[in-house]
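First up is the structure itself, then whatever we jot down about it.
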Amino acid sequence: MVNLPAILRCFLAALTSALFLFMAMESVAEEPIQSTVAGRRQPNVVIFLADDQGWGDLSCHGNTNLSTPNIDSLARDGAAFENFYVCAVCAPTRAEFLTGRYHFRTGVSGVTEGMGRINPGETTMADYFQRSGYATGCFGKWHNGTQSPYHPMDRGFDEFYGFTSGHWGHYFSPPLDHNRRRVKGNGYLTDDLTEHAMDFIQRHQHERFFCYVPFNTPHSPFYVDDDWYARFDGYVPSMRHRDPDKEDLPTTRAVLAMCENIDWNVGRVLRQLDRLQLSRETIIVYFSDNGPNSFRWNGGMKGKKATVDEGGLRSPLLVRWPSRIPSGESITEVVGAIDLLPTISELATVPAAAGTAIDGRSFAGLLRAQSTAWPDRNLFSQWRDRVTIRTNRFRLDERGSLFIISEDRGQRRDISDRYPEVTQRLRTAAEAYRVEARGALANNMDRPFTVGYAASTTLPARDGTPHGNIRRSSKAPNNSFFVHWTDPSDSITWDVQIGQAGRYKATVYYTCPEPNVGATIRLSLNTYSDDRARTRNHSSTEAFVTEAFDPPQWDKTKERVAESHYFVKDFKPLTLGRLHLPEGRGVLRLTMPNLVGQRGVDVHSIELEQTFP
């Protein structure tokens, strides 16, 4: 039988204590309600993801070339993982972190031209937190899809501020996306992203919030403000790459400055949580998406970004939750990006998928310093048909060599002849994984870009295909526009899937020098036959270029590495008119039937806006 008087006495005692605490704190800032019920409410979550920062780019990992005290404090006050692994490049890591599944299962096969998109059928960590009543925000580099239903606001986020591409071409007040609207950034991009994340936390301080901050640095281009770069201008690092002749010192200097800027921004968020008295009820996670993007000090490990060796895959992982995670923990068990979704969900008591749908497993017990067994397993990494395996003790590399990582982080001593049975078992597992991944990735290659799944759709040059003399402004499609339109037969196409039939206003973002004014730009849709063997013209719209717009490229004086391939300039919108788009698969083609002068327009993107009926 329930003892009502006892319950009542407990309630009154708790109420009296609460009133006493309230009176004692009248003269200081009021503690948010959510903090006074510690142990009974779900925690907030803040996740920092650095872009191209290596394991060795933190002073807590022994690098004396720089100082990262704020990030280091997460290791001091929480847990640091000695063996945490991500993917070789950006988009695959983000897919594995967000879904708890190996990236090839999610549709992600690369980093550009649509290969970074997570399939719409996947459920992300943000989806789970949003369904559990959390306010969810993403502030930074998304890299898992641009058009709906791939946009972050279709993947569980209430708010988005940043860019959806794999990397951006300029870091000072660049064009950005804020909740699907084109906006201009404000100042240095990493600072600006942090400012918006802090505003989100401020607005949702009395709710539960899930704040994802995928920074854009230290990914190239190596832009950094003078205040940060001054300390490293001309600096000769005392700690160098294991093969010093491979290290480019201007790149290292820029990266060190960018990493110290990241640390300052992490500190801004940590101090805000302190001011709002939210620190004790907020889980902080810090990691990076792949190994370092240049040859620089990385603990003597072999490999860097885009390799499947230890140095290309080992990432920092720091997790802090005061009073719940013991401070100063060093966790040696082998964990990966696929484990973050089940772990963070369990810590926050957010229901998430489990079982065969998830490749990862929760390491919440390790964080709580419980005596939870961590069974050995094969943790796979794959990039461009190269597969490697990490177990608790060994690494099998892409060539089938075997290393004991605890004794040989640098992968210098192949010991496969000493462990022939282990080597053969892992080689067999690696080949099976390679075959499975190869098949899944092949099935994901034929994915058109989606139009009509939101009120407005942008199709950037990154997602288009040039024909004839047209070429990209940059060797990296992620940050490019189309140039060198010199013949009326030249064209640009986008392979599209139209989700909703109707009339669409078409706008092209262009530049055009004065001698080329008067040219006609036409956008047409060709639909496929049932067997997709041929196409037929369906509809088109066109407009004259009546105004010259030929701005200079953006200033590059704060880019610290010479002769980069990043070029950015402003573009002007030109409304082409309206065209009817039927539901289904087709090809959008941009042409210039009458080219004026020797060169046509440069093209950044096209925008299609639904105008029903």
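FYI, nothing fancy with the structure tokens labels: chains A, B, ... in order, residues from 1 per chain, ligands from 1 as they appear.
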Original post:
Do you know which residues are at most 8 Å from Ile284 in chain A counting only C-alpha atoms, after dropping those on the same chain fewer than 2 positions away, and could you put them as a ChimeraX atom specification?
Top reply: /A:45-48,74,282,286,318-321
Write the residues of the selection above to a file with all heavy atoms, as a compact mmCIF listing (two decimals), in the first residue's frame.
# COMPACT_ATOMS: atom_id res chain seq x y z
N VAL A 45 22.53 19.06 -24.90
CA VAL A 45 23.66 18.47 -25.61
C VAL A 45 24.26 19.53 -26.53
O VAL A 45 23.53 20.18 -27.29
CB VAL A 45 23.24 17.24 -26.44
CG1 VAL A 45 24.43 16.69 -27.22
CG2 VAL A 45 22.64 16.16 -25.54
N VAL A 46 25.57 19.72 -26.44
CA VAL A 46 26.31 20.59 -27.36
C VAL A 46 27.41 19.75 -27.98
O VAL A 46 28.23 19.17 -27.26
CB VAL A 46 26.90 21.82 -26.64
CG1 VAL A 46 27.74 22.65 -27.63
CG2 VAL A 46 25.80 22.68 -26.03
N ILE A 47 27.42 19.67 -29.29
CA ILE A 47 28.41 18.85 -30.00
C ILE A 47 29.23 19.75 -30.92
O ILE A 47 28.70 20.41 -31.81
CB ILE A 47 27.72 17.75 -30.82
CG1 ILE A 47 26.94 16.82 -29.90
CG2 ILE A 47 28.75 16.97 -31.64
CD1 ILE A 47 26.12 15.78 -30.63
N PHE A 48 30.54 19.79 -30.69
CA PHE A 48 31.47 20.50 -31.55
C PHE A 48 32.13 19.50 -32.49
O PHE A 48 32.66 18.47 -32.04
CB PHE A 48 32.57 21.19 -30.73
CG PHE A 48 32.08 22.26 -29.81
CD1 PHE A 48 31.99 22.04 -28.44
CD2 PHE A 48 31.74 23.51 -30.30
CE1 PHE A 48 31.57 23.03 -27.58
CE2 PHE A 48 31.31 24.52 -29.45
CZ PHE A 48 31.22 24.28 -28.09
N LEU A 74 37.99 20.18 -21.41
CA LEU A 74 37.00 19.11 -21.55
C LEU A 74 37.61 17.77 -21.17
O LEU A 74 36.94 16.91 -20.58
CB LEU A 74 36.46 19.07 -22.98
CG LEU A 74 35.77 20.34 -23.48
CD1 LEU A 74 35.37 20.18 -24.95
CD2 LEU A 74 34.55 20.66 -22.63
N THR A 282 24.57 19.88 -19.02
CA THR A 282 24.84 19.90 -20.45
C THR A 282 25.97 18.93 -20.79
O THR A 282 27.06 19.02 -20.22
CB THR A 282 25.21 21.31 -20.93
OG1 THR A 282 24.14 22.21 -20.64
CG2 THR A 282 25.46 21.32 -22.44
N TYR A 286 33.28 16.83 -28.14
CA TYR A 286 34.21 17.47 -29.08
C TYR A 286 34.95 16.40 -29.85
O TYR A 286 35.57 15.51 -29.26
CB TYR A 286 35.21 18.37 -28.34
CG TYR A 286 36.06 19.18 -29.29
CD1 TYR A 286 35.71 20.48 -29.62
CD2 TYR A 286 37.20 18.64 -29.88
CE1 TYR A 286 36.47 21.23 -30.52
CE2 TYR A 286 37.96 19.37 -30.78
CZ TYR A 286 37.61 20.66 -31.10
OH TYR A 286 38.35 21.39 -31.99
N LEU A 318 36.44 14.09 -26.82
CA LEU A 318 36.36 14.57 -25.44
C LEU A 318 34.90 14.71 -25.08
O LEU A 318 34.12 15.30 -25.85
CB LEU A 318 37.08 15.91 -25.30
CG LEU A 318 38.51 15.98 -25.88
CD1 LEU A 318 39.05 17.40 -25.82
CD2 LEU A 318 39.44 15.02 -25.15
N VAL A 319 34.51 14.17 -23.93
CA VAL A 319 33.11 14.21 -23.50
C VAL A 319 33.06 14.68 -22.05
O VAL A 319 33.71 14.09 -21.18
CB VAL A 319 32.44 12.82 -23.62
CG1 VAL A 319 30.95 12.94 -23.28
CG2 VAL A 319 32.63 12.24 -25.02
N ARG A 320 32.27 15.72 -21.81
CA ARG A 320 32.13 16.26 -20.45
C ARG A 320 30.66 16.32 -20.06
O ARG A 320 29.82 16.77 -20.83
CB ARG A 320 32.74 17.67 -20.38
CG ARG A 320 32.82 18.22 -18.96
CD ARG A 320 33.15 19.71 -18.95
NE ARG A 320 31.98 20.54 -19.20
CZ ARG A 320 31.97 21.87 -19.14
NH1 ARG A 320 33.08 22.53 -18.88
NH2 ARG A 320 30.86 22.54 -19.37
N TRP A 321 30.40 15.85 -18.86
CA TRP A 321 29.08 16.04 -18.23
C TRP A 321 29.31 16.05 -16.73
O TRP A 321 29.36 15.00 -16.09
CB TRP A 321 28.11 14.93 -18.64
CG TRP A 321 26.70 15.17 -18.17
CD1 TRP A 321 26.19 16.30 -17.61
CD2 TRP A 321 25.62 14.22 -18.22
NE1 TRP A 321 24.86 16.15 -17.32
CE2 TRP A 321 24.48 14.88 -17.69
CE3 TRP A 321 25.49 12.91 -18.66
CZ2 TRP A 321 23.25 14.26 -17.58
CZ3 TRP A 321 24.26 12.28 -18.56
CH2 TRP A 321 23.14 12.95 -18.03
**OP:** Please provide the set of residues having any atom within 6 Å of range 261-269 of chain A, restricted to only C-alpha atoms, with same-chain residues fewer than 5 positions apart removed, written as a list in words.
**Re:**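 That gives Thr68, Asn70 and Ile71 of chain A.
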May I have a table of the residues of range 440-517 of chain A lying at most 6 Å from range 144-166 of chain A, giving each one's closest pair of atoms and their distance in Å to one decimal, counting only C-alpha atoms, ordered by chain and ascending residue number, as JSON lines?
{"residue": "A:Tyr453", "atom": "CA", "partner": "A:Ser148", "partner_atom": "CA", "distance": 5.4}
{"residue": "A:Ala454", "atom": "CA", "partner": "A:Ser148", "partner_atom": "CA", "distance": 6.0}
{"residue": "A:Asn478", "atom": "CA", "partner": "A:Gly166", "partner_atom": "CA", "distance": 5.7}
Convert the current residue selection to file output with all heavy atoms, as a PDB file, in the first residue's frame.
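File written: out_23.pdb
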ATOM      1  N   TYR A 453      10.589  19.701 -53.525  1.00  0.00           N
ATOM      2  CA  TYR A 453      10.306  19.110 -52.222  1.00  0.00           C
ATOM      3  C   TYR A 453      10.255  20.190 -51.133  1.00  0.00           C
ATOM      4  O   TYR A 453      10.029  19.894 -49.969  1.00  0.00           O
ATOM      5  CB  TYR A 453      11.360  18.060 -51.877  1.00  0.00           C
ATOM      6  CG  TYR A 453      11.256  16.821 -52.749  1.00  0.00           C
ATOM      7  CD1 TYR A 453      11.797  16.811 -54.032  1.00  0.00           C
ATOM      8  CD2 TYR A 453      10.613  15.678 -52.295  1.00  0.00           C
ATOM      9  CE1 TYR A 453      11.713  15.676 -54.839  1.00  0.00           C
ATOM     10  CE2 TYR A 453      10.522  14.546 -53.095  1.00  0.00           C
ATOM     11  CZ  TYR A 453      11.067  14.552 -54.366  1.00  0.00           C
ATOM     12  OH  TYR A 453      10.968  13.433 -55.158  1.00  0.00           O
ATOM     13  N   ALA A 454      10.490  21.434 -51.536  1.00  0.00           N
ATOM     14  CA  ALA A 454      10.341  22.607 -50.674  1.00  0.00           C
ATOM     15  C   ALA A 454       9.909  23.762 -51.564  1.00  0.00           C
ATOM     16  O   ALA A 454       9.910  23.646 -52.796  1.00  0.00           O
ATOM     17  CB  ALA A 454      11.651  22.935 -49.966  1.00  0.00           C
ATOM     18  N   ASN A 478      33.026  21.473 -54.960  1.00  0.00           N
ATOM     19  CA  ASN A 478      32.301  22.004 -53.812  1.00  0.00           C
ATOM     20  C   ASN A 478      32.280  23.525 -53.792  1.00  0.00           C
ATOM     21  O   ASN A 478      31.319  24.138 -53.351  1.00  0.00           O
ATOM     22  CB  ASN A 478      32.927  21.494 -52.510  1.00  0.00           C
ATOM     23  CG  ASN A 478      32.314  20.197 -52.056  1.00  0.00           C
ATOM     24  OD1 ASN A 478      31.138  19.962 -52.238  1.00  0.00           O
ATOM     25  ND2 ASN A 478      33.127  19.342 -51.451  1.00  0.00           N
TER      26      ASN A 478
END
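The space separating CA of Leu340 in chain A from CA of Gly54 in chain A comes to 18.6 Å.
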Subject >> strand (DSSP E) call set, DSSP backbone run, range 178-216 of chain A, as a PyMOL selection string >> reply: chain A and resi 178+181-184+209-216
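Shortest atom-to-atom contact with Glu609 in chain A among A:Lys505, A:Arg280, A:Arg589, A:Arg105: A:Lys505, counting only C-alpha atoms.
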Neighbouring residues of range 305-308 of chain A were defined as those with any atom within 9 Å, considering only C-alpha atoms; residues of the same chain fewer than 5 positions away were excluded. Please report them as a JSON list (two decimals) with C-alpha atoms, in the first residue's frame.
[["chain", "number", "residue", "atom", "x", "y", "z"],
["A", 52, "ASP", "CA", 40.16, 18.59, -40.78],
["A", 54, "GLY", "CA", 44.03, 16.13, -36.54],
["A", 87, "CYS", "CA", 36.32, 8.24, -41.53],
["A", 88, "ALA", "CA", 39.04, 9.36, -43.91],
["A", 89, "VAL", "CA", 37.06, 12.37, -45.16],
["A", 290, "ASN", "CA", 39.13, 13.05, -40.16],
["A", 291, "GLY", "CA", 42.89, 13.28, -39.82],
["A", 292, "PRO", "CA", 44.90, 16.46, -40.46],
["A", 293, "ASN", "CA", 44.61, 18.06, -43.89],
["A", 294, "SER", "CA", 48.37, 18.52, -44.23],
["A", 313, "LEU", "CA", 41.32, 8.03, -38.93],
["A", 381, "SER", "CA", 37.01, 2.11, -42.33],
["A", 382, "GLN", "CA", 36.56, 2.39, -46.08],
["A", 383, "TRP", "CA", 37.47, 5.05, -48.62],
["A", 386, "ARG", "CA", 40.46, 0.75, -49.55],
["A", 387, "VAL", "CA", 39.44, -1.00, -46.34],
["A", 388, "THR", "CA", 41.17, -1.16, -42.99],
["A", 397, "ASP", "CA", 45.93, -1.85, -43.17],
["A", 398, "GLU", "CA", 44.68, -1.54, -46.75]]
Original post:
Can you list, as a PyMOL selection string, every protein, DNA or RNA residue that comes within 8 Å of Pro69 in chain A when you count only C-alpha atoms, leaving out same-chain residues fewer than 4 positions away?
Top reply: chain A and resi 59-60+73+263
Store the residues of this selection in a file with C-alpha atoms, as a PDB file, in the first residue's frame.
ATOM      1  CA  SER A  59      47.853  20.820 -26.630  1.00  0.00           C
ATOM      2  CA  CYS A  60      46.229  18.210 -24.378  1.00  0.00           C
ATOM      3  CA  SER A  73      39.519  21.577 -20.131  1.00  0.00           C
ATOM      4  CA  ASP A 263      39.626  26.903 -28.975  1.00  0.00           C
TER       5      ASP A 263
END
Original post:
What is the distance, in Å and to one decimal place, between CA of Gly468 in chain A and CA of Asp495 in chain A?
Top reply: 17.1 Å
Original post:
Quick one, how far is CA of Gly502 in chain A from CA of Leu459 in chain A?
Top reply: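 Taking CA of Gly502 in chain A as the start and CA of Leu459 in chain A as the end point, the length is 17.6 Å.
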**OP:** Could you give me, as a list in words, the residues within 10 Å of Arg361 in chain A, counting only C-alpha atoms and dropping anything in the same chain fewer than 6 positions from it?
**Re:** Gly100, Val335, Gly336, Ile338, Asp339, Leu340, Leu341, Pro342, Thr343, Ala354, Gly355 and Trp374 of chain A
Subject >> Long-range neighbours of Ser539 in chain A as a ChimeraX atom specification, 8 Å cut-off, only C-alpha atoms, 3 positions minimum in chain >> reply: /A:524-526,579-581
**OP:** Tell me, as a list in words, which residues lie within 10 Å of Gln202 in chain A, counting only C-alpha atoms; anything in the same chain fewer than 3 positions away does not count.
**Re:**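 These residues fall inside the cut-off: His196, Ala197, Met198, Asp199, Gln205, His206, Gln272, Leu273 and Leu276 of chain A.
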